Each structure stands twice: as C-alpha cells, then as structure tokens.
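Trainee: Sharing a structure, written as structure tokens. Questions coming.
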Amino acid sequence: MLARVLSAATFGIDARVLYVEVDVSRGLPAFRIVGLPDASVRESRERVRSALRNSGFPVPSGVVTVNLAPADLRKGGAALDLPLAVALLAIGGLPVSLSGRLFVGELGLNGEVRPVKGALCLALAAREAGAQEIVLPSGNAAEAAAVDEIRVTPVRSLAAVVAHLRGEKPIEPCRETPGTPAAPHPVDFEEIRGQAIARRAMEIAAAGGHHVLLVGPPGTGKTMLARRLPTILPPLIRPEAIEVTKIHSVAGTLPSGRGLLEVPPFRAPHHGISAAGLVGGGPRARPGEISLAHRGVLLLDELPEFRRDVLEGIRQPLEEKRISIVRVGGASTYPCDFLLVAAMNPCPCGFAGDPRRPCSCGERERLRYKKKVSGPFLDRIDLHVAVPPVPWRELEESARPEPSRPIRERVAAARARAAARSPIRGFRNADLPAAAFDSTLALDASARRLLPAVVETLQVSVRALHRALRVARTIADLAGSEAVSAAHLAEAVAYRARIGTDCLDRAGPHP
C-alpha cells in the first residue's frame with residue numbers, strides 16, 4: 001500500500017516542494033524514514049504515532065517506510081509531521097482526494113497542529129508548484145494569507161484536518177485582513193533637545209539609506225538618536241514587507257498569528273554577540289542580526305567593544321547587501337540591506353574633548369582604542385558625526401523640538417524623488433551605482449568646480465568620494481533640488497571627515 005502527499009520545507013528564506021511517500025508492507029512492526037532526515041524529522045514517527053492514536057485513528061501495523069523526495073536534499077524541522085500523518089491515514093482508507101493540496105504542520109502528541117517556521121515561504125512555494133490549497137496550522141494562517149492565488153486552510157487539530165478533507169466540517173479559508181494602522185512608536189524625535197547636527201545627519205541617513213557613526217561622551221544622546229531613527233522611516237512597501245516577513249518567519253522571531261511586518265525592523269545586538277549571531281550561521285545556517293535588520297535599522301552600540309573579527313565579518317555584506325552562508329548541508333543566501341547606526345565613545349574613559357570632565361586616558365590607550373575598529377570598516381560608513389554634550393541653555397529652551405512625523409514626511413518625499421530616477425523597486429540613493437553617476441547626480445557648475453579641491457585637500461579614497469556624492473544627492477533631494485550644488489556637496493564632504501578621539505574639540509560637521 002502506497003500513499004503520496006505534497007509538502008514543502010524551507011532552505012534559507014526559500015522553500016522547496018517535497019513529496020512524502022509512505023509504503024506499508026507486511027512484516028514485524030518497523031518505522032523507517034529515508035531521504036536525508038535530520039533528528040527532528042526522524043523523531044516525527046513518535047509524534048505522528050501518538051497523534052493518530054490520541055485522535056482516535058488507527059496506526060498502520062507492519063513495516064512503514066517513509067521516503068522524503070527529492071532524496072538528495074537534507075530535511076529539517078517538524079513541518080513534515082502533518083503530511084506524514086495524512087499519508088498514513090490515506091493508507092488506512094481515508095476516502096479523500098489529496099491532489100492539489102499541500103500540507104505542513106507540527107503535531108503534538110494529542111493531535112494538536114502547532115505553528116512552524118517559514119510558513120510564508122512554504123505558501124509561496126506551494127503556489128509556484130501549482131497547488132490549489134495549503135493546509136497549515138492556524139497560528140501561521142495570517143502570514144500565509146498574504147500569498148494570493150492559493151487557498152489557505154487553517155487547522156488546529158488532526159481531527160479537524162480529517163473532517164475538512166472528508167467534507168464533514170469544511171474549514172473556511174483564511175483571507176488577508178486589511179492592514180491595521182501601525183501602533184505609534186513609543187519614542188519620538190521631539191524628546192531630543194539640542195544636537196541639531198546629529199538630528200540633521202539622521203534625517204539624511206533615513207532619506208538616502210546611508211550608514212551613520214555617532215561619536216561622543218556618555219550621556220550625550222547617541223543611543224537616543226539611534227533608537228528614534230525608525231520613527232522617521234517610511235512604512236515598508238508590500239514587496240519589502242513580504243521579504244522582511246520571510247526572514248523573521250524562518251528565524252522564528254515572527255509572533256504566532258501575525259501577518260506581514262509593515263514597520264521597518266530595529267535590531268540592537270549586545271556587543272558580546274558572536275560572528276554567527278551577527279552575520280548568521282549555525283548548523284542550519286540561521287539568519288543573523290544583519291538579516292533580521294533587513295530594510296530596517298541595525299544599531300551597534302559601543303562599537304569598539306565588539307570583537308574585531310565580528311565587525312570585519314559585515315564589511316562585505318555592507319557592500320553587497322546580502323550574505324551567503326555555506327555549510328556542509330548546503331548554502332543559504334539571506335538579504336541584509338540594512339541601515340547601520342554605530343555609536344562609540346571618543347576614548348576608553350569616554351571624556352576626550354569633553355569640557356565638563358577631563359580625560360583620564362593616556363595616548364597609548366587612545367590609540368589602542370581607536371585601532372579596535374579598522375579603517376576599511378569606517379570607510380564604509382557615510383556619515384561621521386560628533387555628538388558633543390548639550391549646553392544647559394538648550395535643555396531648558398521652551399521651544400518644542402521637531403517631532404518625528406514631519407521629518408518622516410520629508411524623508412518619504414526625498415525617497416520618492418530618488419525612486420523616480422530609477423526603475424529599481426524601493427531604490428535609495430545609497431544604492432546608486434557608480435556607472436549611473438553621470439546621468440543621475442546632476443552636479444551643477446559650482447559643485448564641479450569644488451570637486452577637485454575635495455579630492456586633493458581631503459585625500460579621500462574613491463569609495464569615500466562615491467559615498468560623499470551619494471550623500472550629496474540625498475541632501476539635494478531633501479532640499480527639493482534637481483541639481484547637486486556646491487553647498488550640498490560641501491555638507492556631504494563634511495560628514496566624511498574622519499572623527500578621532502579629538503572629535504569634540506570641533507563642533508562637528510556643519511550643514
């Protein structure tokens with residue numbers, strides 16, 4: 001007796017359609033699973049047996065052989081429990097048609113169908129394979145319902161699956177609910193007094209997708225600024241929301257019952273994080289923090305406290321906006337197009353250049369501290385901003401600082417201007433390739449006259465010059481200007497000045 005059930009499994013943020021083939025023959029009771037299953041798949045035989053028995057269904061006796069095809073792909077996770085149980089029921093005489101139906105779900109010993117990781121990826125794979133219906137746990141239905149042209153059937157138990165397949169109690173398909181307004185952010189830019197230059201830099205970063213480095217003594221507002229950056233980012237467009245949700249679903253960080261993520265993510269890992277935790281890795285190549293921050297913000301607070309090899313590991317992803325993780329069982333590629341905000345003190349004690357407190361560090365300590373972050377890593381950061389202590393007169397001013405909403409509107413308008421110049425979906429000026437500079441930057445005569453002086457005086461690298469030009473294009477977009485003027489370029493170049501432990505002796509870059 002042979003039964004064949006359609007299922008799927010995730011590989012990175014993509015999914016592959018699988019066939020769960022079950023054969024029952026005479027002989028001493030045995031249960032074998034072949035097709036490169038991992039430990040969690042091999043253990044499914046115990047879960048499926050108990051779920052069938054406790055749901056009131058017979059357990060086939062004899063030699064049970066399960067083949068997971070294609071056999072050359074390593075399978076993991078518990079999502080194959082439900083299709084295996086359905087295949088055993090079909091062998092036992094379940095009078096239903098399984099054609100065009102794809103099953104995924106983990107089974108509890110009592111027959112409960114529990115949520116699995118990567119449901120959105122599985123639903124997309126089911127649609128691409130031509131399935132008309134996907135039967136999956138009710139906790140995953142909201143995210144899977146974002147996939148159109150396929151029926152999403154949410155189930156809570158094995159008994160409910162059987163009743164649905166028999167037509168005794170058909171289950172209504174889950175449909176995507178209209179997006180609810182996003183909850184207001186718990187923080188806002190109006191809570192930050194002073195720091196006009198840093199606020200301006202954060203607006204430029206949000207508008208163009210440029211990375212930022214904040215340097216200043218403790219308590220000057222570096223972390224406050226970084227944590228409020230998501231409040232001025234526009235909501236994710238639908239393709240971005242699907243991509244971000246796929247990553248969080250595969251990583252298991254998407255709450256059960258949650259639909260698409262429409263707000264840019266914010267991640268702030270501790271400085272003790274490992275390289276695998278930041279860039280991704282592990283036995284099954286799990287996405288790291290840089291991928292979980294895709295289309296959002298990654299805050300690296302206390303930057304020099306991160307291990308040198310951990311920071312060097314994200315240099316290439318910063319450029320390529322994707323990370324490939326290769327393991328013995330295969331390779332996975334995750335997108336990681338994030339906005340990096342790094343924050344650090346100017347020296348080990350934190351008070352170099354602070355007029356309020358003297359610095360207690362020696363010159364050797366300062367040099368050792370600066371060497372914790374490599375020059376090539378800093379060269380990939382577009383905006384270097386000094387965050388000095390805020391004078392008391394600015395703290396007690398009665399004028400209310402500008403809130404996040406009008407800043408977010410300016411950011412959205414600037415992004416729209418940039419997107420209108422490119423056919424790339426979700427384009428930002430940080431994505432502008434060097435080959436398109438001549439047709440896109442639109443430097444006016446004053447900016448072209450300033451350009452040689454910038455290269456000769458600051459002796460910047462070609463990469464740094466290109467990054468400064470992209471920032472200048474963003475500044476022009478914020479100003480509503482079609483051309484990049486000398487003033488726009490000068491402000492962008494000012495943000496490229498490398499900040500050291502003496503950064504607070506200067507007021508920092510000025511617009």
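Residues are named by chain letter and number: chains run A, B, ... in the order of the structure tokens, numbers start at 1 in each chain, and ligands are numbered from 1 in the order shown.
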Taking 5 positions as the minimum chain separation for residues in the same chain, which residues sit within 8 Å of region 264-268 of chain A when counting only C-alpha atoms? Answer as a list in words.
Mentor: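 The filter keeps Pro230, Leu233, Pro234, Pro235, Leu236, Glu289, Leu292, Ala293, His294, Arg295, Gly296, Val297, Leu298, Leu299, Leu300 and Asp301 of chain A.
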Trainee: The selected residues should be written to file as a PDB file, in the first residue's frame (atoms: C-alpha atoms).
Mentor:
ATOM      1  CA  PRO A 230      12.985  54.010  12.875  1.00  0.00           C
ATOM      2  CA  LEU A 233      11.496  55.752   8.211  1.00  0.00           C
ATOM      3  CA  PRO A 234       8.558  55.282   5.815  1.00  0.00           C
ATOM      4  CA  PRO A 235       6.491  52.071   6.140  1.00  0.00           C
ATOM      5  CA  LEU A 236       7.615  49.079   4.109  1.00  0.00           C
ATOM      6  CA  GLU A 289      21.097  40.103  13.106  1.00  0.00           C
ATOM      7  CA  LEU A 292      16.850  40.376  10.724  1.00  0.00           C
ATOM      8  CA  ALA A 293      17.535  44.118  10.300  1.00  0.00           C
ATOM      9  CA  HIS A 294      16.882  43.911   6.535  1.00  0.00           C
ATOM     10  CA  ARG A 295      15.076  47.065   5.312  1.00  0.00           C
ATOM     11  CA  GLY A 296      15.386  48.456   8.822  1.00  0.00           C
ATOM     12  CA  VAL A 297      17.994  49.690  11.305  1.00  0.00           C
ATOM     13  CA  LEU A 298      20.912  47.830  12.894  1.00  0.00           C
ATOM     14  CA  LEU A 299      22.344  49.591  15.956  1.00  0.00           C
ATOM     15  CA  LEU A 300      25.846  48.630  17.055  1.00  0.00           C
ATOM     16  CA  ASP A 301      26.174  50.477  20.343  1.00  0.00           C
TER      17      ASP A 301
END
Trainee: Could the residues of region 72-159 of chain A that have an atom at most 10 Å from region 1-20 of chain A be listed as JSON lines, each with its closest atom pair and the distance in Å to one decimal, counting only C-alpha atoms and ordered by chain and ascending residue number?
Mentor:
{"residue": "A:Leu73", "atom": "CA", "partner": "A:Phe11", "partner_atom": "CA", "distance": 9.4}
{"residue": "A:Arg74", "atom": "CA", "partner": "A:Phe11", "partner_atom": "CA", "distance": 9.2}
{"residue": "A:Lys75", "atom": "CA", "partner": "A:Ala9", "partner_atom": "CA", "distance": 7.0}
{"residue": "A:Gly76", "atom": "CA", "partner": "A:Ala9", "partner_atom": "CA", "distance": 7.6}
{"residue": "A:Gly77", "atom": "CA", "partner": "A:Ala9", "partner_atom": "CA", "distance": 8.1}
{"residue": "A:Ala78", "atom": "CA", "partner": "A:Ala9", "partner_atom": "CA", "distance": 9.5}
{"residue": "A:Ala79", "atom": "CA", "partner": "A:Ala9", "partner_atom": "CA", "distance": 7.2}
{"residue": "A:Leu80", "atom": "CA", "partner": "A:Ser7", "partner_atom": "CA", "distance": 7.0}
{"residue": "A:Asp81", "atom": "CA", "partner": "A:Ser7", "partner_atom": "CA", "distance": 9.9}
{"residue": "A:Leu82", "atom": "CA", "partner": "A:Ser7", "partner_atom": "CA", "distance": 9.0}
{"residue": "A:Pro83", "atom": "CA", "partner": "A:Val5", "partner_atom": "CA", "distance": 6.1}
{"residue": "A:Leu84", "atom": "CA", "partner": "A:Val20", "partner_atom": "CA", "distance": 6.4}
{"residue": "A:Ala85", "atom": "CA", "partner": "A:Val5", "partner_atom": "CA", "distance": 9.7}
{"residue": "A:Val86", "atom": "CA", "partner": "A:Val5", "partner_atom": "CA", "distance": 7.4}
{"residue": "A:Ala87", "atom": "CA", "partner": "A:Ala3", "partner_atom": "CA", "distance": 5.5}
{"residue": "A:Leu88", "atom": "CA", "partner": "A:Ala3", "partner_atom": "CA", "distance": 7.4}
{"residue": "A:Leu89", "atom": "CA", "partner": "A:Ala3", "partner_atom": "CA", "distance": 9.0}
{"residue": "A:Ala90", "atom": "CA", "partner": "A:Ala3", "partner_atom": "CA", "distance": 6.4}
{"residue": "A:Ile91", "atom": "CA", "partner": "A:Ala3", "partner_atom": "CA", "distance": 6.0}
{"residue": "A:Gly92", "atom": "CA", "partner": "A:Met1", "partner_atom": "CA", "distance": 9.1}
{"residue": "A:Leu98", "atom": "CA", "partner": "A:Val5", "partner_atom": "CA", "distance": 6.8}
{"residue": "A:Ser99", "atom": "CA", "partner": "A:Val5", "partner_atom": "CA", "distance": 8.3}
{"residue": "A:Gly100", "atom": "CA", "partner": "A:Leu6", "partner_atom": "CA", "distance": 8.1}
{"residue": "A:Arg101", "atom": "CA", "partner": "A:Leu6", "partner_atom": "CA", "distance": 6.7}
{"residue": "A:Leu102", "atom": "CA", "partner": "A:Leu6", "partner_atom": "CA", "distance": 4.8}
{"residue": "A:Phe103", "atom": "CA", "partner": "A:Ser7", "partner_atom": "CA", "distance": 5.1}
{"residue": "A:Val104", "atom": "CA", "partner": "A:Ser7", "partner_atom": "CA", "distance": 6.0}
{"residue": "A:Gly105", "atom": "CA", "partner": "A:Ser7", "partner_atom": "CA", "distance": 9.5}
{"residue": "A:Lys117", "atom": "CA", "partner": "A:Thr10", "partner_atom": "CA", "distance": 8.3}
{"residue": "A:Gly118", "atom": "CA", "partner": "A:Thr10", "partner_atom": "CA", "distance": 6.5}
{"residue": "A:Ala119", "atom": "CA", "partner": "A:Thr10", "partner_atom": "CA", "distance": 8.7}
{"residue": "A:Leu120", "atom": "CA", "partner": "A:Ala15", "partner_atom": "CA", "distance": 9.3}
{"residue": "A:Cys121", "atom": "CA", "partner": "A:Ala15", "partner_atom": "CA", "distance": 5.6}
{"residue": "A:Leu122", "atom": "CA", "partner": "A:Ala15", "partner_atom": "CA", "distance": 5.6}
{"residue": "A:Ala123", "atom": "CA", "partner": "A:Ala15", "partner_atom": "CA", "distance": 8.7}
{"residue": "A:Leu124", "atom": "CA", "partner": "A:Ala15", "partner_atom": "CA", "distance": 7.8}
{"residue": "A:Ala125", "atom": "CA", "partner": "A:Ala15", "partner_atom": "CA", "distance": 5.7}
{"residue": "A:Ala126", "atom": "CA", "partner": "A:Val17", "partner_atom": "CA", "distance": 6.9}
{"residue": "A:Glu128", "atom": "CA", "partner": "A:Val17", "partner_atom": "CA", "distance": 9.2}
{"residue": "A:Ala129", "atom": "CA", "partner": "A:Val17", "partner_atom": "CA", "distance": 7.1}
{"residue": "A:Ala131", "atom": "CA", "partner": "A:Leu6", "partner_atom": "CA", "distance": 8.8}
{"residue": "A:Ile134", "atom": "CA", "partner": "A:Ser7", "partner_atom": "CA", "distance": 8.8}
{"residue": "A:Val135", "atom": "CA", "partner": "A:Ser7", "partner_atom": "CA", "distance": 9.6}
Trainee: Write the selection just made, keeping N, CA and C atoms, as a short mmCIF file (atom, residue, chain, number, x, y, z; two decimals), in the first residue's frame?
Mentor:
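The result, written out as selection.cif:
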data_model
loop_
_atom_site.label_atom_id
_atom_site.label_comp_id
_atom_site.auth_asym_id
_atom_site.auth_seq_id
_atom_site.Cartn_x
_atom_site.Cartn_y
_atom_site.Cartn_z
N LEU A 73 18.21 16.23 -0.81
CA LEU A 73 18.13 17.44 0.00
C LEU A 73 17.96 17.08 1.46
N ARG A 74 18.76 17.71 2.33
CA ARG A 74 18.65 17.44 3.75
C ARG A 74 17.42 18.16 4.31
N LYS A 75 16.56 17.41 5.00
CA LYS A 75 15.32 17.97 5.54
C LYS A 75 15.43 18.15 7.04
N GLY A 76 14.87 19.25 7.52
CA GLY A 76 14.88 19.52 8.95
C GLY A 76 13.58 20.15 9.39
N GLY A 77 13.38 20.20 10.71
CA GLY A 77 12.18 20.81 11.26
C GLY A 77 11.05 19.81 11.42
N ALA A 78 9.96 20.28 12.02
CA ALA A 78 8.82 19.41 12.33
C ALA A 78 7.65 19.65 11.40
N ALA A 79 7.82 20.41 10.32
CA ALA A 79 6.69 20.74 9.44
C ALA A 79 6.20 19.55 8.65
N LEU A 80 6.96 18.44 8.62
CA LEU A 80 6.54 17.27 7.86
C LEU A 80 5.69 16.30 8.66
N ASP A 81 5.39 16.64 9.92
CA ASP A 81 4.53 15.77 10.74
C ASP A 81 3.15 15.59 10.12
N LEU A 82 2.51 16.69 9.79
CA LEU A 82 1.13 16.64 9.29
C LEU A 82 1.03 15.88 7.96
N PRO A 83 1.86 16.15 6.96
CA PRO A 83 1.74 15.36 5.73
C PRO A 83 2.00 13.87 5.95
N LEU A 84 2.90 13.53 6.88
CA LEU A 84 3.15 12.13 7.17
C LEU A 84 1.91 11.47 7.78
N ALA A 85 1.25 12.17 8.70
CA ALA A 85 0.03 11.63 9.31
C ALA A 85 -1.07 11.48 8.27
N VAL A 86 -1.21 12.46 7.36
CA VAL A 86 -2.25 12.38 6.33
C VAL A 86 -1.97 11.20 5.39
N ALA A 87 -0.69 10.97 5.07
CA ALA A 87 -0.34 9.84 4.22
C ALA A 87 -0.69 8.51 4.89
N LEU A 88 -0.42 8.38 6.18
CA LEU A 88 -0.77 7.16 6.90
C LEU A 88 -2.28 6.96 6.95
N LEU A 89 -3.03 8.07 7.11
CA LEU A 89 -4.50 7.96 7.10
C LEU A 89 -5.00 7.56 5.73
N ALA A 90 -4.36 8.05 4.68
CA ALA A 90 -4.78 7.67 3.33
C ALA A 90 -4.57 6.18 3.10
N ILE A 91 -3.48 5.66 3.63
CA ILE A 91 -3.25 4.23 3.51
C ILE A 91 -4.29 3.45 4.30
N GLY A 92 -4.70 4.05 5.43
CA GLY A 92 -5.71 3.39 6.26
C GLY A 92 -7.11 3.47 5.69
N LEU A 98 -6.23 13.89 -2.43
CA LEU A 98 -5.14 14.74 -1.95
C LEU A 98 -4.50 15.54 -3.06
N SER A 99 -5.01 15.43 -4.27
CA SER A 99 -4.44 16.13 -5.40
C SER A 99 -4.62 17.64 -5.25
N GLY A 100 -3.54 18.40 -5.50
CA GLY A 100 -3.60 19.86 -5.44
C GLY A 100 -3.55 20.43 -4.04
N ARG A 101 -3.35 19.57 -3.04
CA ARG A 101 -3.30 20.03 -1.65
C ARG A 101 -1.89 19.83 -1.10
N LEU A 102 -1.40 20.82 -0.40
CA LEU A 102 -0.08 20.75 0.23
C LEU A 102 -0.26 20.89 1.73
N PHE A 103 0.42 20.05 2.50
CA PHE A 103 0.26 20.01 3.95
C PHE A 103 1.57 20.32 4.64
N VAL A 104 1.51 21.16 5.67
CA VAL A 104 2.66 21.42 6.54
C VAL A 104 2.13 21.63 7.95
N GLY A 105 2.91 21.24 8.94
CA GLY A 105 2.49 21.46 10.33
C GLY A 105 3.16 20.48 11.27
N LYS A 117 8.01 27.24 11.44
CA LYS A 117 8.76 28.38 10.92
C LYS A 117 8.66 28.42 9.40
N GLY A 118 8.69 29.64 8.87
CA GLY A 118 8.75 29.82 7.42
C GLY A 118 7.46 29.57 6.68
N ALA A 119 6.31 29.78 7.33
CA ALA A 119 5.03 29.48 6.66
C ALA A 119 4.82 30.33 5.41
N LEU A 120 5.26 31.58 5.42
CA LEU A 120 5.11 32.42 4.24
C LEU A 120 5.92 31.86 3.07
N CYS A 121 7.15 31.41 3.35
CA CYS A 121 7.97 30.79 2.30
C CYS A 121 7.30 29.53 1.77
N LEU A 122 6.72 28.73 2.66
CA LEU A 122 6.07 27.48 2.26
C LEU A 122 4.86 27.76 1.37
N ALA A 123 4.08 28.80 1.72
CA ALA A 123 2.91 29.14 0.92
C ALA A 123 3.32 29.62 -0.47
N LEU A 124 4.39 30.40 -0.54
CA LEU A 124 4.87 30.86 -1.85
C LEU A 124 5.33 29.68 -2.71
N ALA A 125 6.02 28.72 -2.08
CA ALA A 125 6.46 27.53 -2.82
C ALA A 125 5.27 26.71 -3.29
N ALA A 126 4.23 26.61 -2.45
CA ALA A 126 3.03 25.86 -2.84
C ALA A 126 2.36 26.49 -4.05
N GLU A 128 3.81 28.39 -6.36
CA GLU A 128 4.66 28.22 -7.54
C GLU A 128 4.60 26.79 -8.07
N ALA A 129 4.32 25.82 -7.17
CA ALA A 129 4.23 24.43 -7.61
C ALA A 129 2.87 24.10 -8.21
N ALA A 131 -0.10 24.19 -6.54
CA ALA A 131 -1.09 23.69 -5.58
C ALA A 131 -2.25 24.67 -5.48
N ILE A 134 -3.27 25.07 0.56
CA ILE A 134 -2.25 24.72 1.54
C ILE A 134 -2.94 24.58 2.88
N VAL A 135 -2.76 23.44 3.52
CA VAL A 135 -3.34 23.17 4.84
C VAL A 135 -2.21 23.32 5.85
#
Trainee: Find the residues around Ala276 (chain A) up to 9 Å (only C-alpha atoms counted), leave out those fewer than 3 positions away in its own chain, and share them as number ranges by chain.
Mentor: A: 273, 279-282, 285-288, 310
Trainee: Quick one: DSSP strand (DSSP E or B) residues in region 129-182 of chain A, as a list in words?
Mentor: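 The strand (DSSP E or B) subset of region 129-182 of chain A is Glu133, Ile134, Val135, Leu136, Pro137, Arg151, Val152, Thr153, Pro154, Val155 and Ser157 of chain A.
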Trainee: Would you mind listing what lies within 6 Å of region 207-216 of chain A as a list in words, with only C-alpha atoms counted and same-chain residues fewer than 5 positions away left out?
Mentor: Leu339, Leu340, Val341, Ala342, Ala343, Met344, Asn345, Pro346, Ile381, Asp382, Leu383, His384, Val385, Ala386, Val387, Pro388, Val411, Ala414, Arg415, Arg428, Asn429, Ala430 and Thr474 of chain A
Trainee: Which polymer residues have any atom within 6 Å of an atom of region 440-456 of chain A, counting only C-alpha atoms, with same-chain residues fewer than 3 positions away left out, as a list in words?
Mentor: Ala436, Phe437, Gln459, Val460, Ala483, Val484, Ser485 and Ala486 of chain A
Trainee: Name all residues at most 10 Å from Arg238 (chain A) (count only C-alpha atoms; drop same-chain ones fewer than 2 positions away) and give them as a PyMOL selection string.
Mentor: chain A and resi 146+235-236+240-244+260-262
Trainee: Could you dump the residues just selected with N, CA and C atoms as a CSV table (one decimal), in the first residue's frame?
Mentor:
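Here's the written file selection_9.csv:
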chain,number,residue,atom,x,y,z
A,146,ALA,N,-1.1,36.2,3.0
A,146,ALA,CA,-0.6,37.3,2.2
A,146,ALA,C,-0.3,36.8,0.8
A,235,PRO,N,6.9,53.5,6.0
A,235,PRO,CA,6.5,52.1,6.1
A,235,PRO,C,7.0,51.3,5.0
A,236,LEU,N,7.1,50.0,5.2
A,236,LEU,CA,7.6,49.1,4.1
A,236,LEU,C,6.6,49.0,3.0
A,240,GLU,N,8.7,44.7,0.0
A,240,GLU,CA,9.7,44.7,1.1
A,240,GLU,C,9.1,44.0,2.3
A,241,ALA,N,7.8,44.2,2.6
A,241,ALA,CA,7.1,43.6,3.8
A,241,ALA,C,7.2,42.1,3.7
A,242,ILE,N,6.9,41.6,2.4
A,242,ILE,CA,7.0,40.1,2.2
A,242,ILE,C,8.4,39.6,2.5
A,243,GLU,N,9.4,40.3,2.0
A,243,GLU,CA,10.8,39.8,2.1
A,243,GLU,C,11.2,39.8,3.6
A,244,VAL,N,10.8,40.9,4.3
A,244,VAL,CA,11.2,41.0,5.7
A,244,VAL,C,10.5,39.9,6.5
A,260,LEU,N,1.9,40.2,7.8
A,260,LEU,CA,3.1,40.8,7.3
A,260,LEU,C,3.6,41.9,8.2
A,261,LEU,N,4.9,42.0,8.3
A,261,LEU,CA,5.5,43.1,9.0
A,261,LEU,C,5.6,44.3,8.1
A,262,GLU,N,5.0,45.4,8.5
A,262,GLU,CA,4.9,46.6,7.7
A,262,GLU,C,5.8,47.7,8.2
Trainee: Step one, run DSSP on the backbone; step two, keep only residues of region 164-238 of chain A assigned to alpha helix (DSSP H); then write them as a PyMOL selection string.
Mentor: chain A and resi 164-166+196-208+222-228+238
Trainee: Write the residues of the selection above to a file with N, CA and C atoms, as a PDB file, in the first residue's frame.
Mentor:
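Output contents, as saved in result_14.pdb:
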ATOM      1  N   HIS A 164     -12.284  18.118   7.575  1.00  0.00           N
ATOM      2  CA  HIS A 164     -12.265  19.018   6.420  1.00  0.00           C
ATOM      3  C   HIS A 164     -12.075  18.231   5.127  1.00  0.00           C
ATOM      4  N   LEU A 165     -11.154  17.279   5.130  1.00  0.00           N
ATOM      5  CA  LEU A 165     -10.890  16.509   3.921  1.00  0.00           C
ATOM      6  C   LEU A 165     -12.081  15.641   3.541  1.00  0.00           C
ATOM      7  N   ARG A 166     -12.793  15.123   4.520  1.00  0.00           N
ATOM      8  CA  ARG A 166     -13.969  14.303   4.249  1.00  0.00           C
ATOM      9  C   ARG A 166     -15.185  15.126   3.829  1.00  0.00           C
ATOM     10  N   ALA A 196      21.418  69.506  16.953  1.00  0.00           N
ATOM     11  CA  ALA A 196      20.852  69.825  15.642  1.00  0.00           C
ATOM     12  C   ALA A 196      21.622  69.137  14.516  1.00  0.00           C
ATOM     13  N   ILE A 197      22.954  69.074  14.639  1.00  0.00           N
ATOM     14  CA  ILE A 197      23.751  68.458  13.575  1.00  0.00           C
ATOM     15  C   ILE A 197      23.470  66.968  13.504  1.00  0.00           C
ATOM     16  N   ALA A 198      23.415  66.306  14.653  1.00  0.00           N
ATOM     17  CA  ALA A 198      23.148  64.868  14.672  1.00  0.00           C
ATOM     18  C   ALA A 198      21.737  64.569  14.172  1.00  0.00           C
ATOM     19  N   ARG A 199      20.767  65.394  14.527  1.00  0.00           N
ATOM     20  CA  ARG A 199      19.405  65.200  14.026  1.00  0.00           C
ATOM     21  C   ARG A 199      19.372  65.339  12.497  1.00  0.00           C
ATOM     22  N   ARG A 200      20.089  66.314  11.993  1.00  0.00           N
ATOM     23  CA  ARG A 200      20.159  66.511  10.545  1.00  0.00           C
ATOM     24  C   ARG A 200      20.785  65.279   9.875  1.00  0.00           C
ATOM     25  N   ALA A 201      21.846  64.743  10.474  1.00  0.00           N
ATOM     26  CA  ALA A 201      22.504  63.563   9.905  1.00  0.00           C
ATOM     27  C   ALA A 201      21.567  62.361   9.894  1.00  0.00           C
ATOM     28  N   MET A 202      20.769  62.207  10.935  1.00  0.00           N
ATOM     29  CA  MET A 202      19.841  61.081  10.976  1.00  0.00           C
ATOM     30  C   MET A 202      18.768  61.218   9.891  1.00  0.00           C
ATOM     31  N   GLU A 203      18.335  62.435   9.619  1.00  0.00           N
ATOM     32  CA  GLU A 203      17.359  62.658   8.552  1.00  0.00           C
ATOM     33  C   GLU A 203      17.962  62.315   7.189  1.00  0.00           C
ATOM     34  N   ILE A 204      19.212  62.712   6.963  1.00  0.00           N
ATOM     35  CA  ILE A 204      19.876  62.384   5.706  1.00  0.00           C
ATOM     36  C   ILE A 204      20.034  60.869   5.583  1.00  0.00           C
ATOM     37  N   ALA A 205      20.411  60.227   6.679  1.00  0.00           N
ATOM     38  CA  ALA A 205      20.590  58.773   6.665  1.00  0.00           C
ATOM     39  C   ALA A 205      19.284  58.070   6.304  1.00  0.00           C
ATOM     40  N   ALA A 206      18.187  58.506   6.894  1.00  0.00           N
ATOM     41  CA  ALA A 206      16.896  57.881   6.622  1.00  0.00           C
ATOM     42  C   ALA A 206      16.460  58.114   5.183  1.00  0.00           C
ATOM     43  N   ALA A 207      16.717  59.295   4.662  1.00  0.00           N
ATOM     44  CA  ALA A 207      16.268  59.617   3.300  1.00  0.00           C
ATOM     45  C   ALA A 207      17.045  58.860   2.238  1.00  0.00           C
ATOM     46  N   GLY A 208      18.341  58.644   2.467  1.00  0.00           N
ATOM     47  CA  GLY A 208      19.161  58.015   1.432  1.00  0.00           C
ATOM     48  C   GLY A 208      19.632  56.621   1.742  1.00  0.00           C
ATOM     49  N   LYS A 222      23.552  59.620  22.019  1.00  0.00           N
ATOM     50  CA  LYS A 222      23.846  58.787  20.848  1.00  0.00           C
ATOM     51  C   LYS A 222      22.818  57.656  20.707  1.00  0.00           C
ATOM     52  N   THR A 223      22.587  56.939  21.778  1.00  0.00           N
ATOM     53  CA  THR A 223      21.637  55.824  21.724  1.00  0.00           C
ATOM     54  C   THR A 223      20.215  56.329  21.529  1.00  0.00           C
ATOM     55  N   MET A 224      19.883  57.453  22.135  1.00  0.00           N
ATOM     56  CA  MET A 224      18.544  58.032  21.949  1.00  0.00           C
ATOM     57  C   MET A 224      18.292  58.349  20.484  1.00  0.00           C
ATOM     58  N   LEU A 225      19.281  58.953  19.837  1.00  0.00           N
ATOM     59  CA  LEU A 225      19.140  59.273  18.418  1.00  0.00           C
ATOM     60  C   LEU A 225      18.956  58.010  17.584  1.00  0.00           C
ATOM     61  N   ALA A 226      19.764  57.000  17.867  1.00  0.00           N
ATOM     62  CA  ALA A 226      19.699  55.772  17.079  1.00  0.00           C
ATOM     63  C   ALA A 226      18.356  55.071  17.248  1.00  0.00           C
ATOM     64  N   ARG A 227      17.851  55.030  18.467  1.00  0.00           N
ATOM     65  CA  ARG A 227      16.590  54.325  18.710  1.00  0.00           C
ATOM     66  C   ARG A 227      15.385  55.079  18.149  1.00  0.00           C
ATOM     67  N   ARG A 228      15.550  56.324  17.829  1.00  0.00           N
ATOM     68  CA  ARG A 228      14.448  57.090  17.229  1.00  0.00           C
ATOM     69  C   ARG A 228      14.544  57.162  15.714  1.00  0.00           C
ATOM     70  N   ARG A 238       4.844  46.720  -0.057  1.00  0.00           N
ATOM     71  CA  ARG A 238       4.451  45.311   0.047  1.00  0.00           C
ATOM     72  C   ARG A 238       5.573  44.319  -0.305  1.00  0.00           C
TER      73      ARG A 238
END
Trainee: Tell me which of A:Gly350, A:Gly194, A:Pro376, A:Pro358 sits closest to Arg315 (chain A), counting only C-alpha atoms.
Mentor: A:Pro376
Trainee: Near region 316-320 of chain A, counting only C-alpha atoms, which residues have an atom at most 8 Å away, once you skip same-chain residues fewer than 2 positions from it, shown as a list in words?
Mentor: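 Near region 316-320 of chain A, the qualifying residues are Gly313, Ile314, Arg322, Ile323, Cys336, Asp337 and Arg380 of chain A.
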Trainee: To one decimal place, how far is CA of Cys361 (chain A) from CA of Trp392 (chain A) in Å?
Mentor: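 Going from CA of Cys361 (chain A) over to CA of Trp392 (chain A) covers 26.3 Å.
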